[in-house]
Amino acid sequence: MTSQPRIAVIGAGAWGIALACTLSRIAHVTLWTRTPVPDGTRTMPHLPQVTLPDGITVTSTLPSEADIVLLVVPTQGLRDTSLALQQRLKPDVPVVTCCKGMEQGTFMLPLEIIAQTMPGRPAAVLSGPNFAIEVAQGMPAAATLAAADLPFVTELTRRLTTPTLRLYASTDPLGVQLAGAAKNVIAIGAGISVGAKMGENARAAIITRALAETARLVNAMGGEGRTMYGLAGMGDLILTATGAGSRNYSLGVALGRGENVEDILAKRDTVAEGVLTAPTLKKLGQRFDIETPIINVITRLISGELTPHQARDELLDRPPCFE
Ligand SMILES: NC(=O)C1=CN([C@@H]2O[C@H](COP(=O)(O)OP(=O)(O)OC[C@H]3O[C@@H](n4cnc5c(N)ncnc54)[C@H](O)[C@@H]3O)[C@@H](O)[C@H]2O)C=CC1
Ligand SMILES: O=C(CO)COP(=O)(O)O
């Protein structure tokens with residue numbers, strides 16, 4: 001009988017809790033929370049409906065012993081968290097980023113931050129259509145696990161697949177990370193169109209054409225544009241750009257109804273990664289000379305620079321072009 005691996009999940013937000021729950025079926029799991037909780041705590045504030053299975057140990061001390069480490073903090077906190085972990089972990093322990101976003105100011109994707117803060121360490125990215133609550137409750141789901149090294153990602157996919165979360169391997173980490181980051185921005189745009197009562201045709205057009213924009217950007221940056229049409233791109237958009245359960249989509253709906261972003265965020269204590277990713281993605285398009293008209297107007301809608309109706313007119317006034 002093979003012994004179970006020791007997996008550390010860093011970040012006890014909704015997604016960290018959910019991953020800890022599903023992985024506890026195949027591994028000894030340690031769940032790290034930045035905010036200490038009393039001994040014996042079995043429910044966590046970010047997913048209060050869920051009772052943690054017995055196999056999960058909750059701690060606020062960063063682990064030094066683990067076979068695999070999952071990083072599940074908001075993207076803007078990834079740099080500090082991985083720097084702190086790097087001091088403690090053996091150099092060959094693989095890390096998996098589960099963040100969907102880009103770092104403000106540096107334009108960096110999660111694996112680039114990890115390469116800088118944890119040089120030489122094997123690393124992969126996990127992304128896909130996964131509402132935390134469903135994964136935590138053991139409902140079936142799938143996601144993509146990507147790293148450039150084929151044998152490494154193949155083995156890691158085998159080790160992290162659980163009875164209810166099926167992982168597909170990919171060797172396009174750039175495409176998977178951009179897909180995960182962009183889908184949050186596109187979900188906000190889809191929400192805005194619904195909040196502003198522009199109809200379901202508009203939402204479908206935004207999703208499809210913004211997917212095409214992101215695929216162009218992925219290609220220009222050296223990834224595979226077709227990754228945008230897999231679980232991490234189209235799959236996650238089917239989920240988050242149509243479902244009220246998405247924080248990014250619901251933020252977009254509120255924006256479309258005329259609220260401003262500061263007021264919406266002030267009412268929440270959870271991340272909506274798309275708000276910070278949008279301006280970075282827009283600038284990335286400019287840097288690689290890729291046209292991203294929908295991402296650009298979503299960014300300006302979030303900052304209050306455009307109203308939904310001005311955005312609609314700006315997009316519809318563009319000259320005709322080939323699909
Ligand atoms: N919730 C979901 O369904 C999914 C979320 N994700 C991604 O996972 C990442 C984490 O999201 P959630 O768990 O949903 O967030 P959340 O909003 O539920 O919780 C965020 C957690 O991170 C902690 N945190 C905040 N700033 C931090 C920092 N600077 N350093 C360390 N910890 C910090 C908070 O205390 C909290 O525990 C995001 O990138 C998100 O896009 C990915 C897939 C599904
Ligand atoms: O990434 C997610 C599902 O795959 C969660 O989406 P939200 O962050 O928009 O809630």
# chains A, B, ... in the order shown; residues from 1 in each chain; ligands from 1
call {"tool": "residues_near_ligand", "arguments": {"ligand": "ligand 2", "cutoff": "7 Å", "atoms": "only C-alpha atoms and all ligand atoms", "output": "list in words"}}
result
Lys100, Gly128, Pro129, Asn130, Phe131, Asn184, Asp236, Leu239, Thr240, Gly245, Ser246, Arg247, Asn248, Tyr249, Val271, Ala272 and Glu273 of chain A
call {"tool": "closest_atom_pairs", "arguments": {"of": "chain A", "to": "ligand 1", "cutoff": "7 Å", "atoms": "only C-alpha atoms and all ligand atoms", "output": "CSV"}}
result
residue,atom,partner,partner_atom_place_in_ligand_line,distance
A:Gly11,CA,ligand 1,22 (O),5.4
A:Ala12,CA,ligand 1,37 (O),4.4
A:Gly13,CA,ligand 1,19 (O),3.2
A:Ala14,CA,ligand 1,18 (O),3.8
A:Trp15,CA,ligand 1,13 (O),3.7
A:Gly16,CA,ligand 1,13 (O),5.3
A:Thr33,CA,ligand 1,37 (O),6.4
A:Arg34,CA,ligand 1,32 (N),5.7
A:Thr35,CA,ligand 1,35 (O),6.4
A:His46,CA,ligand 1,18 (O),5.2
A:Val72,CA,ligand 1,10 (C),5.1
A:Val73,CA,ligand 1,22 (O),4.5
A:Pro74,CA,ligand 1,39 (O),4.4
A:Thr75,CA,ligand 1,39 (O),5.3
A:Gln76,CA,ligand 1,29 (N),6.1
A:Gly77,CA,ligand 1,29 (N),3.3
A:Leu78,CA,ligand 1,30 (N),6.5
A:Asp80,CA,ligand 1,30 (N),6.9
A:Thr81,CA,ligand 1,30 (N),6.0
A:Cys98,CA,ligand 1,8 (O),5.6
A:Cys99,CA,ligand 1,39 (O),3.4
A:Lys100,CA,ligand 1,39 (O),4.1
A:Gly101,CA,ligand 1,39 (O),5.8
A:Ser127,CA,ligand 1,43 (C),6.5
A:Gly128,CA,ligand 1,43 (C),6.9
A:Asn130,CA,ligand 1,44 (C),5.0
A:Phe131,CA,ligand 1,3 (O),3.7
A:Ala132,CA,ligand 1,3 (O),3.8
A:Ile133,CA,ligand 1,3 (O),6.9
A:Asp269,CA,ligand 1,17 (O),6.4
A:Thr270,CA,ligand 1,17 (O),3.2
A:Val271,CA,ligand 1,17 (O),4.1
A:Ala272,CA,ligand 1,41 (O),7.0
A:Glu273,CA,ligand 1,41 (O),5.5
call {"tool": "write_last_selection", "arguments": {"atoms": "N, CA and C atoms", "output": "short mmCIF file (atom, residue, chain, number, x, y, z; two decimals), in the first residue's frame"}}
result
data_model
loop_
_atom_site.label_atom_id
_atom_site.label_comp_id
_atom_site.auth_asym_id
_atom_site.auth_seq_id
_atom_site.Cartn_x
_atom_site.Cartn_y
_atom_site.Cartn_z
N GLY A 11 -3.58 29.32 2.15
CA GLY A 11 -4.68 30.27 1.91
C GLY A 11 -6.00 29.60 2.23
N ALA A 12 -6.70 30.17 3.21
CA ALA A 12 -7.97 29.58 3.64
C ALA A 12 -9.14 30.45 3.23
N GLY A 13 -9.06 31.01 2.02
CA GLY A 13 -10.24 31.62 1.40
C GLY A 13 -11.11 30.49 0.87
N ALA A 14 -12.15 30.85 0.13
CA ALA A 14 -13.10 29.85 -0.35
C ALA A 14 -12.42 28.75 -1.16
N TRP A 15 -11.51 29.15 -2.04
CA TRP A 15 -10.90 28.16 -2.94
C TRP A 15 -9.90 27.27 -2.20
N GLY A 16 -9.15 27.84 -1.27
CA GLY A 16 -8.23 27.02 -0.48
C GLY A 16 -8.99 25.98 0.34
N THR A 33 -3.91 29.24 7.33
CA THR A 33 -4.72 30.45 7.34
C THR A 33 -3.90 31.61 7.90
N ARG A 34 -3.97 32.74 7.19
CA ARG A 34 -3.21 33.91 7.62
C ARG A 34 -3.72 34.42 8.98
N THR A 35 -5.05 34.35 9.15
CA THR A 35 -5.66 34.81 10.39
C THR A 35 -5.83 33.61 11.31
N HIS A 46 -14.69 31.95 5.22
CA HIS A 46 -14.93 32.16 3.79
C HIS A 46 -15.80 31.08 3.14
N VAL A 72 -2.89 29.38 -2.68
CA VAL A 72 -4.28 29.77 -2.98
C VAL A 72 -4.63 31.08 -2.28
N VAL A 73 -3.76 32.06 -2.44
CA VAL A 73 -4.02 33.40 -1.90
C VAL A 73 -4.39 34.31 -3.08
N PRO A 74 -4.97 35.49 -2.82
CA PRO A 74 -5.20 36.40 -3.94
C PRO A 74 -3.86 36.74 -4.61
N THR A 75 -3.90 36.99 -5.91
CA THR A 75 -2.66 37.17 -6.68
C THR A 75 -1.77 38.27 -6.10
N GLN A 76 -2.40 39.34 -5.58
CA GLN A 76 -1.59 40.45 -5.06
C GLN A 76 -0.84 40.04 -3.79
N GLY A 77 -1.23 38.94 -3.16
CA GLY A 77 -0.53 38.47 -1.96
C GLY A 77 0.44 37.33 -2.25
N LEU A 78 0.52 36.93 -3.51
CA LEU A 78 1.33 35.74 -3.85
C LEU A 78 2.82 35.97 -3.62
N ASP A 80 4.56 37.93 -1.49
CA ASP A 80 4.99 37.88 -0.08
C ASP A 80 4.85 36.47 0.47
N THR A 81 3.76 35.80 0.09
CA THR A 81 3.52 34.46 0.62
C THR A 81 4.59 33.49 0.11
N CYS A 98 -2.83 28.40 -7.67
CA CYS A 98 -4.25 28.26 -8.00
C CYS A 98 -4.88 29.65 -8.15
N CYS A 99 -4.02 30.67 -8.26
CA CYS A 99 -4.49 32.07 -8.37
C CYS A 99 -4.91 32.35 -9.80
N LYS A 100 -5.91 33.23 -9.96
CA LYS A 100 -6.34 33.66 -11.30
C LYS A 100 -6.21 35.17 -11.39
N GLY A 101 -5.03 35.63 -11.77
CA GLY A 101 -4.87 37.07 -11.87
C GLY A 101 -3.47 37.43 -12.31
N SER A 127 -6.13 25.66 -12.99
CA SER A 127 -7.20 26.62 -13.32
C SER A 127 -8.33 25.91 -14.05
N GLY A 128 -9.55 26.35 -13.82
CA GLY A 128 -10.68 25.73 -14.51
C GLY A 128 -12.00 26.22 -13.95
N ASN A 130 -14.51 26.20 -11.61
CA ASN A 130 -14.61 25.55 -10.30
C ASN A 130 -15.14 26.51 -9.24
N PHE A 131 -16.44 26.58 -9.07
CA PHE A 131 -16.95 27.33 -7.92
C PHE A 131 -16.57 26.55 -6.66
N ALA A 132 -15.99 27.27 -5.69
CA ALA A 132 -15.43 26.61 -4.50
C ALA A 132 -16.47 25.76 -3.77
N ILE A 133 -17.65 26.28 -3.59
CA ILE A 133 -18.63 25.57 -2.76
C ILE A 133 -18.93 24.18 -3.33
N ASP A 269 -16.08 41.06 1.48
CA ASP A 269 -14.78 40.74 2.06
C ASP A 269 -14.11 39.60 1.29
N THR A 270 -14.48 39.48 0.00
CA THR A 270 -13.87 38.45 -0.85
C THR A 270 -13.27 39.12 -2.08
N VAL A 271 -12.37 38.37 -2.74
CA VAL A 271 -11.71 38.97 -3.91
C VAL A 271 -12.60 38.92 -5.15
N ALA A 272 -12.45 39.92 -6.03
CA ALA A 272 -12.98 39.85 -7.40
C ALA A 272 -11.76 40.23 -8.24
N GLU A 273 -10.98 39.21 -8.59
CA GLU A 273 -9.65 39.43 -9.17
C GLU A 273 -9.69 40.28 -10.44
#
call {"tool": "residues_around", "arguments": {"residues": "Thr292 of chain A", "least_positions_apart": "2", "cutoff": "8 Å", "atoms": "only C-alpha atoms", "output": "list in words"}}
result
Ala210, Glu213, Thr214, Lys282, Gly285, Ile290, Ile294, Ile295 and Asn296 of chain A
call {"tool": "residues_around", "arguments": {"residues": "Thr242 of chain A", "least_positions_apart": "5", "cutoff": "12 Å", "atoms": "only C-alpha atoms", "output": "PDB file with C-alpha atoms, in the first residue's frame"}}
result
ATOM      1  CA  PRO A 129     -14.435  26.144 -14.027  1.00  0.00           C
ATOM      2  CA  LYS A 183     -11.914  35.191 -17.682  1.00  0.00           C
ATOM      3  CA  ASN A 184     -12.463  37.271 -14.545  1.00  0.00           C
ATOM      4  CA  ILE A 186     -14.586  39.070 -19.293  1.00  0.00           C
ATOM      5  CA  ALA A 187     -17.045  37.882 -16.618  1.00  0.00           C
ATOM      6  CA  ILE A 188     -17.240  41.469 -15.314  1.00  0.00           C
ATOM      7  CA  GLY A 189     -17.993  42.664 -18.867  1.00  0.00           C
ATOM      8  CA  ALA A 190     -20.698  40.023 -19.312  1.00  0.00           C
ATOM      9  CA  GLY A 191     -22.218  41.094 -15.983  1.00  0.00           C
ATOM     10  CA  ILE A 192     -22.193  44.757 -16.992  1.00  0.00           C
ATOM     11  CA  SER A 193     -24.133  43.975 -20.180  1.00  0.00           C
ATOM     12  CA  VAL A 194     -26.768  42.109 -18.164  1.00  0.00           C
ATOM     13  CA  GLU A 200     -28.440  37.981 -23.779  1.00  0.00           C
ATOM     14  CA  ARG A 203     -23.484  38.851 -23.405  1.00  0.00           C
ATOM     15  CA  ALA A 204     -22.815  35.972 -25.819  1.00  0.00           C
ATOM     16  CA  ILE A 206     -18.875  39.792 -25.437  1.00  0.00           C
ATOM     17  CA  ILE A 207     -17.841  36.356 -24.185  1.00  0.00           C
ATOM     18  CA  MET A 234     -14.094  28.884 -22.364  1.00  0.00           C
ATOM     19  CA  GLY A 235     -14.948  26.360 -19.629  1.00  0.00           C
ATOM     20  CA  ASP A 236     -14.485  28.921 -16.880  1.00  0.00           C
ATOM     21  CA  LEU A 237     -16.363  31.570 -18.875  1.00  0.00           C
ATOM     22  CA  ARG A 247     -18.141  37.329  -7.683  1.00  0.00           C
ATOM     23  CA  ASN A 248     -16.702  38.903 -10.840  1.00  0.00           C
ATOM     24  CA  TYR A 249     -19.931  38.520 -12.820  1.00  0.00           C
ATOM     25  CA  SER A 250     -22.113  39.839  -9.978  1.00  0.00           C
ATOM     26  CA  GLY A 252     -20.267  43.479 -13.273  1.00  0.00           C
ATOM     27  CA  VAL A 253     -24.063  43.287 -12.892  1.00  0.00           C
TER      28      VAL A 253
END
call {"tool": "select_by_dssp", "arguments": {"residues": "segment 5-131 of chain A", "states": "helix (DSSP H, G or I)", "output": "PyMOL selection string"}}
result
chain A and resi 14-23+75-86+110-117
call {"tool": "atom_distance", "arguments": {"atom1": "atom CA of Gln116 of chain A", "atom2": "atom CA of Glu103 of chain A"}}
result
12.7 Å
call {"tool": "residues_around", "arguments": {"residues": "segment 137-152 of chain A", "least_positions_apart": "2", "cutoff": "10 Å", "atoms": "only C-alpha atoms", "output": "PyMOL selection string"}}
result
chain A and resi 18+21-22+25+49-51+94+96-98+111+122-135+154-157+160-177+227+230-233+235-236
call {"tool": "atom_distance", "arguments": {"atom1": "atom CA of Ala196 of chain A", "atom2": "atom CA of Lys283 of chain A"}}
result
25.9 Å
